[in-house]
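The next block holds one structure in the form of structure tokens; read it before the comments.
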Amino acid sequence: MTAAYKLVALAEVDSTNSYVRRCAALLDDRTVVVAGRQSSGRGRDGRGWYTDEEGGLALSILLKNRELLQRRSENVAGLTQFAAVLLCRMCAELGIEPSLKWPNDVLVGEKKIAGILSEALAGTNGLEAVVIGIGMNLNTTPARLATIGRPAASIAAETGKLVDKNNFMRKLLDMFFEKYEAFLVKGFSEILDEYRRFFSPFVGRFVQVSSAGVAFSGKVLGIDDAGRLLLEDEATGKTGIVAGEMTCVTN
């Protein structure tokens, strides 16, 4: 059975996440905004994300089931990792071997192919909504990838085959809306095994992590049952990190 959601398609926008934030009060729960082109797409930590009409997929999902979001608020942050696992599944089905760089960057080797930016919208009564932005390089050409300024991949560049953007998007959204409420209710256990499998290339590597202004460095031990990064920190010993930015130092 196909999951129900409302799709809003825009030819061009500054950022799908910014658009949804501006219009959230007017949009229904389970609205998806997709844009052919983003002029000021946003990634994590203020980095840009470029999307053109031919090569990339840029969409934002609005969730406004306030009762569920507030009742299961401890699992809301994990929605980014939930979405990342779905993107890895899609890559694997297309013949690509993806990996997950904690918390939610999808890579092919050392090249980024997709990213996720989630933002919470709060009001006077607490959490009102969540916006989950997804950017993925589908048919981006090698020439365009070379201009991004950091290692990047696309499905077409890796497989030599163009992807039908609409079919890819519909399958991704069907999977998301069929399972996201179960994830909120049950928590990280819903994706734990898959997440650990896609994350496994990073276990044993030495990394640096910036989390809430605090720097950690050490060897990656794995992912705990709640999705936290387990690090053998050089200064403090074993540490579980809830959120942050991970940078690989060595293989």
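Residues in the structure tokens are named by chain (A, B, ... in the order shown) and by number from 1 within that chain; ligands are numbered from 1 in the order shown.
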Checklist entry - Within 10 Å of A:Cys88, counting only C-alpha atoms, which residues qualify if same-chain residues fewer than 5 places away don't, as JSON, numbers by chain? => result {"A": [83, 93, 94, 96, 97, 98, 99, 100, 105, 106, 107, 108, 113, 114, 194, 195, 198]}
Selection to disk with N, CA and C atoms, as a PDB file, in the first residue's frame:
ATOM      1  N   ALA A  83      16.524   8.383   7.844  1.00  0.00           N
ATOM      2  CA  ALA A  83      16.508   8.751   6.428  1.00  0.00           C
ATOM      3  C   ALA A  83      17.803   8.346   5.734  1.00  0.00           C
ATOM      4  N   GLU A  93      20.521  -0.974  -3.811  1.00  0.00           N
ATOM      5  CA  GLU A  93      19.652  -1.579  -4.817  1.00  0.00           C
ATOM      6  C   GLU A  93      20.077  -1.207  -6.236  1.00  0.00           C
ATOM      7  N   LEU A  94      20.781  -0.091  -6.366  1.00  0.00           N
ATOM      8  CA  LEU A  94      21.240   0.363  -7.684  1.00  0.00           C
ATOM      9  C   LEU A  94      22.672  -0.084  -7.982  1.00  0.00           C
ATOM     10  N   ILE A  96      25.427   0.181  -5.944  1.00  0.00           N
ATOM     11  CA  ILE A  96      26.478   0.975  -5.318  1.00  0.00           C
ATOM     12  C   ILE A  96      26.679   0.474  -3.882  1.00  0.00           C
ATOM     13  N   GLU A  97      27.924   0.438  -3.438  1.00  0.00           N
ATOM     14  CA  GLU A  97      28.229   0.040  -2.066  1.00  0.00           C
ATOM     15  C   GLU A  97      28.411   1.301  -1.224  1.00  0.00           C
ATOM     16  N   PRO A  98      27.368   1.720  -0.495  1.00  0.00           N
ATOM     17  CA  PRO A  98      27.451   2.969   0.258  1.00  0.00           C
ATOM     18  C   PRO A  98      28.003   2.738   1.665  1.00  0.00           C
ATOM     19  N   SER A  99      28.403   3.820   2.284  1.00  0.00           N
ATOM     20  CA  SER A  99      28.742   3.784   3.703  1.00  0.00           C
ATOM     21  C   SER A  99      28.127   5.009   4.369  1.00  0.00           C
ATOM     22  N   LEU A 100      27.967   4.932   5.686  1.00  0.00           N
ATOM     23  CA  LEU A 100      27.397   6.025   6.459  1.00  0.00           C
ATOM     24  C   LEU A 100      28.470   6.628   7.346  1.00  0.00           C
ATOM     25  N   ASP A 105      25.842  11.310   6.832  1.00  0.00           N
ATOM     26  CA  ASP A 105      26.346  11.533   5.478  1.00  0.00           C
ATOM     27  C   ASP A 105      26.476  10.201   4.748  1.00  0.00           C
ATOM     28  N   VAL A 106      25.937  10.131   3.536  1.00  0.00           N
ATOM     29  CA  VAL A 106      26.030   8.917   2.734  1.00  0.00           C
ATOM     30  C   VAL A 106      27.204   9.074   1.773  1.00  0.00           C
ATOM     31  N   LEU A 107      28.133   8.129   1.820  1.00  0.00           N
ATOM     32  CA  LEU A 107      29.353   8.188   1.023  1.00  0.00           C
ATOM     33  C   LEU A 107      29.450   6.994   0.089  1.00  0.00           C
ATOM     34  N   VAL A 108      30.240   7.175  -0.957  1.00  0.00           N
ATOM     35  CA  VAL A 108      30.714   6.078  -1.795  1.00  0.00           C
ATOM     36  C   VAL A 108      32.237   6.170  -1.748  1.00  0.00           C
ATOM     37  N   ILE A 113      27.730  11.380  -1.479  1.00  0.00           N
ATOM     38  CA  ILE A 113      26.694  11.283  -2.513  1.00  0.00           C
ATOM     39  C   ILE A 113      25.363  11.857  -2.033  1.00  0.00           C
ATOM     40  N   ALA A 114      25.168  11.946  -0.717  1.00  0.00           N
ATOM     41  CA  ALA A 114      23.904  12.475  -0.182  1.00  0.00           C
ATOM     42  C   ALA A 114      24.126  13.026   1.212  1.00  0.00           C
ATOM     43  N   GLU A 194      21.059  -2.310  10.396  1.00  0.00           N
ATOM     44  CA  GLU A 194      21.408  -1.725   9.097  1.00  0.00           C
ATOM     45  C   GLU A 194      22.386  -0.567   9.261  1.00  0.00           C
ATOM     46  N   TYR A 195      22.132   0.279  10.249  1.00  0.00           N
ATOM     47  CA  TYR A 195      23.016   1.431  10.445  1.00  0.00           C
ATOM     48  C   TYR A 195      24.434   0.955  10.750  1.00  0.00           C
ATOM     49  N   PHE A 198      26.160  -0.281   7.533  1.00  0.00           N
ATOM     50  CA  PHE A 198      26.616   0.776   6.626  1.00  0.00           C
ATOM     51  C   PHE A 198      27.728   1.620   7.256  1.00  0.00           C
TER      52      PHE A 198
END
Checklist entry - Can you list, as a VMD selection string, every protein, DNA or RNA residue that comes within 9 Å of stretch 183-192 of chain A when you count only C-alpha atoms, leaving out same-chain residues fewer than 4 positions away? => result chain A and resid 68 to 69 71 to 76 78 to 79 81 to 82 85 179 196 to 197 223 to 227
Save out the residues we just selected, C-alpha atoms, as a compact mmCIF listing (two decimals), in the first residue's frame.
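Output file part.txt follows:
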# COMPACT_ATOMS: atom_id res chain seq x y z
CA LEU A 68 3.45 11.99 18.22
CA LEU A 69 6.52 14.22 17.92
CA ARG A 71 5.29 12.06 22.94
CA ARG A 72 8.34 10.47 21.28
CA SER A 73 10.63 13.51 21.32
CA GLU A 74 13.59 11.39 22.41
CA ASN A 75 13.56 9.70 18.98
CA VAL A 76 13.03 12.79 16.80
CA GLY A 78 17.25 10.00 15.02
CA LEU A 79 15.01 10.70 12.01
CA GLN A 81 19.81 8.62 10.67
CA PHE A 82 16.60 6.82 9.70
CA VAL A 85 19.66 4.33 6.13
CA LYS A 179 8.07 3.39 8.48
CA ARG A 196 25.89 -0.52 11.97
CA ARG A 197 26.41 -2.39 8.71
CA ILE A 223 27.60 2.75 17.36
CA ASP A 224 25.65 2.10 20.56
CA ASP A 225 22.02 0.99 20.76
CA ALA A 226 20.80 4.61 20.72
CA GLY A 227 22.80 5.66 17.64
Item to check | Members of stretch 64-189 of chain A assigned alpha helix (DSSP H) by DSSP, as a PyMOL selection string | outcome: chain A and resi 66-71+79-93+142-145+155-159+165-186
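Here the question is which of A:Lys219, A:Gly109, A:Val209, A:Asp193 gets nearest to A:Ile241 using only C-alpha atoms, and that residue is A:Val209.
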Item to check | Sel. of strand (DSSP E or B) residues, stretch 123-231 of chain A, as a ChimeraX atom specification | outcome: /A:123,126-137,152,206-211,214-223,229-231
Item to check | A:Gly123 environment, 12 Å, only C-alpha atoms, sequence neighbours closer than 4 positions dropped, as a list in words | outcome: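 Counting only C-alpha atoms, the residues come to Ala24, Ala25, Arg66, Gln70, Leu127, Glu128, Ala129 and Val130 of chain A.
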Checklist entry - What's the 8 Å shell around A:Cys248, counting only C-alpha atoms, without same-chain residues fewer than 6 positions away, as number ranges by chain? => result A: 205-208
Checklist entry - Hey, what's within 10 Å of A:Thr141 if we count only C-alpha atoms and toss same-chain stuff fewer than 3 positions away? As an NGL selection string, please? => result :A and (54-56 or 137-138 or 144-146 or 153-157)
Checklist entry - Pick the closest to A:Leu27 from A:Val131, A:Ala58, A:Leu172, A:Ala84: which is it, counting only C-alpha atoms? => result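 Using only C-alpha atoms, A:Leu27 sits closest to A:Val131.
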Item to check | Between atom CA of A:Met175 and atom CA of A:Met136, distance in Å (one decimal) | outcome: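 Taking atom CA of A:Met175 as the start and atom CA of A:Met136 as the end point, the length is 16.2 Å.
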Checklist entry - Which neighbours of A:Ile134 fall inside 7 Å, counting only C-alpha atoms, when residues of the same chain fewer than 2 positions from it are skipped, and could you give them as a list of chain:residue names? => result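 Final neighbour list, sorted by chain and number: A:Ala58, A:Leu59, A:Ser60, A:Gly115, A:Ile116, A:Leu117, A:Ile132, A:Met136.
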Store the residues of this selection in a file with N, CA and C atoms, as an mmCIF file, in the first residue's frame.
data_model
loop_
_atom_site.group_PDB
_atom_site.id
_atom_site.type_symbol
_atom_site.label_atom_id
_atom_site.label_comp_id
_atom_site.auth_asym_id
_atom_site.auth_seq_id
_atom_site.Cartn_x
_atom_site.Cartn_y
_atom_site.Cartn_z
ATOM 1 N N ALA A 58 16.517 17.367 -4.577
ATOM 2 C CA ALA A 58 16.440 18.201 -3.378
ATOM 3 C C ALA A 58 14.997 18.233 -2.909
ATOM 4 N N LEU A 59 14.756 17.768 -1.695
ATOM 5 C CA LEU A 59 13.400 17.774 -1.159
ATOM 6 C C LEU A 59 13.441 17.959 0.348
ATOM 7 N N SER A 60 12.327 18.424 0.867
ATOM 8 C CA SER A 60 12.165 18.579 2.312
ATOM 9 C C SER A 60 10.818 18.018 2.732
ATOM 10 N N GLY A 115 23.296 13.999 1.571
ATOM 11 C CA GLY A 115 23.329 14.577 2.907
ATOM 12 C C GLY A 115 21.930 14.914 3.372
ATOM 13 N N ILE A 116 21.790 15.084 4.678
ATOM 14 C CA ILE A 116 20.480 15.329 5.287
ATOM 15 C C ILE A 116 20.610 16.459 6.299
ATOM 16 N N LEU A 117 19.662 17.366 6.276
ATOM 17 C CA LEU A 117 19.601 18.450 7.251
ATOM 18 C C LEU A 117 18.215 18.456 7.884
ATOM 19 N N ILE A 132 12.766 17.712 7.433
ATOM 20 C CA ILE A 132 13.882 16.834 7.080
ATOM 21 C C ILE A 132 14.231 17.094 5.620
ATOM 22 N N MET A 136 20.561 14.732 -2.769
ATOM 23 C CA MET A 136 21.273 13.574 -3.300
ATOM 24 C C MET A 136 21.672 13.814 -4.744
#
Can you list every residue of stretch 153-200 of chain A that has an atom at most 12 Å from stretch 7-22 of chain A, with its nearest atom pair and the distance in Å to one decimal, using only C-alpha atoms, ordered by chain then number, as JSON lines?
{"residue": "A:Asn166", "atom": "CA", "partner": "A:Ala9", "partner_atom": "CA", "distance": 11.1}
{"residue": "A:Met169", "atom": "CA", "partner": "A:Leu7", "partner_atom": "CA", "distance": 10.8}
{"residue": "A:Arg170", "atom": "CA", "partner": "A:Leu7", "partner_atom": "CA", "distance": 10.1}
{"residue": "A:Leu173", "atom": "CA", "partner": "A:Leu7", "partner_atom": "CA", "distance": 10.1}
Item to check | Counting only C-alpha atoms, the option among A:Ala143, A:Arg30, A:Gly36, A:Val163 closest to A:Ala3 | outcome: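 Counting only C-alpha atoms, the residue closest to A:Ala3 is A:Arg30.
Pairwise distance (atom CA of A:Glu110, atom CA of A:Phe177) equals 29.7 Å.
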